[in-house]
Amino acid sequence: MASYTYVCPECGNTVEREYRVPSIIRTCESGCGFDHYVRAELADAIAEVPEESRPDDWDDLTSTERLLVAFREGFLSMGDVR
Ligand SMILES: [Zn+2]
């Protein structure tokens, strides 16, 4: 069965799951403030958003909000998020 990698946006810790969703809710064992892990390819797209396309409050955004920015800036398409 296929498995998908999910990444903690804070520390980069990863977990594998057998289902494919944009993000999973889990508490990071590193004690990070985030309670979401983002699918690895989406995390990559978020990382690709260049500095000048990032809103001023980028550091305060949740992973979901960053995903929306990645969308808006064209680094992600609907097909990526299914
Ligand atoms: Zn973490």
# chains A, B, ... in the order shown; residues from 1 in each chain; ligands from 1
>>> residues_near_ligand(ligand="ligand 1", cutoff="8 Å", atoms="only C-alpha atoms and all ligand atoms", output="short mmCIF file (atom, residue, chain, number, x, y, z; two decimals) with N, CA, C and O atoms, in the first residue's frame")
data_model
loop_
_atom_site.label_atom_id
_atom_site.label_comp_id
_atom_site.auth_asym_id
_atom_site.auth_seq_id
_atom_site.Cartn_x
_atom_site.Cartn_y
_atom_site.Cartn_z
N CYS A 8 6.32 18.03 10.00
CA CYS A 8 6.07 19.11 10.96
C CYS A 8 6.66 20.39 10.38
O CYS A 8 7.86 20.43 10.07
N PRO A 9 5.85 21.43 10.19
CA PRO A 9 6.37 22.66 9.58
C PRO A 9 7.39 23.36 10.46
O PRO A 9 8.15 24.18 9.99
N GLU A 10 7.42 23.01 11.72
CA GLU A 10 8.31 23.69 12.66
C GLU A 10 9.70 23.04 12.68
O GLU A 10 10.70 23.69 12.48
N CYS A 11 9.76 21.74 12.90
CA CYS A 11 11.06 21.09 13.12
C CYS A 11 11.43 20.10 12.01
O CYS A 11 12.53 19.58 12.00
N GLY A 12 10.49 19.83 11.09
CA GLY A 12 10.83 18.94 9.99
C GLY A 12 10.70 17.46 10.31
O GLY A 12 11.01 16.61 9.48
N ASN A 13 10.24 17.13 11.50
CA ASN A 13 9.97 15.74 11.85
C ASN A 13 8.92 15.18 10.88
O ASN A 13 8.02 15.89 10.47
N CYS A 28 3.23 17.16 17.80
CA CYS A 28 4.61 16.83 17.48
C CYS A 28 5.36 16.38 18.74
O CYS A 28 5.27 17.03 19.77
N GLU A 29 6.13 15.28 18.61
CA GLU A 29 6.85 14.80 19.79
C GLU A 29 8.02 15.69 20.16
O GLU A 29 8.60 15.57 21.22
N SER A 30 8.36 16.64 19.27
CA SER A 30 9.42 17.60 19.61
C SER A 30 8.89 18.76 20.44
O SER A 30 9.65 19.68 20.76
N GLY A 31 7.59 18.76 20.70
CA GLY A 31 7.02 19.81 21.53
C GLY A 31 6.81 21.11 20.78
O GLY A 31 6.76 22.19 21.37
N CYS A 32 6.67 21.04 19.47
CA CYS A 32 6.45 22.24 18.66
C CYS A 32 5.06 22.80 18.92
O CYS A 32 4.15 22.10 19.34
N GLY A 33 4.90 24.08 18.64
CA GLY A 33 3.61 24.71 18.85
C GLY A 33 2.56 24.25 17.86
O GLY A 33 1.37 24.38 18.10
N PHE A 34 2.99 23.71 16.73
CA PHE A 34 2.04 23.30 15.71
C PHE A 34 1.34 22.00 16.08
O PHE A 34 1.94 21.11 16.67
#
>>> select_by_dssp(residues="chain A", states="strand (DSSP E)", output="number ranges by chain")
A: 4-7, 14-17, 23-25, 36-39
>>> residues_around(residues="segment 61-71 of chain A", least_positions_apart="2", cutoff="8 Å", atoms="only C-alpha atoms", output="ChimeraX atom specification")
/A:9,34,36,38,42,45-46,49,54,57-59,73-77
>>> atom_distance(atom1="atom CA of Ser3 of chain A", atom2="atom CA of Tyr19 of chain A")
6.7 Å
>>> atom_distance(atom1="atom CA of Ala40 of chain A", atom2="atom CA of Pro55 of chain A")
22.0 Å
>>> select_by_dssp(residues="chain A", states="alpha helix (DSSP H)", output="ChimeraX atom specification")
/A:40-48,63-72,78-81
>>> residues_around(residues="Glu18 of chain A", least_positions_apart="5", cutoff="8 Å", atoms="only C-alpha atoms", output="ChimeraX atom specification")
/A:1-4
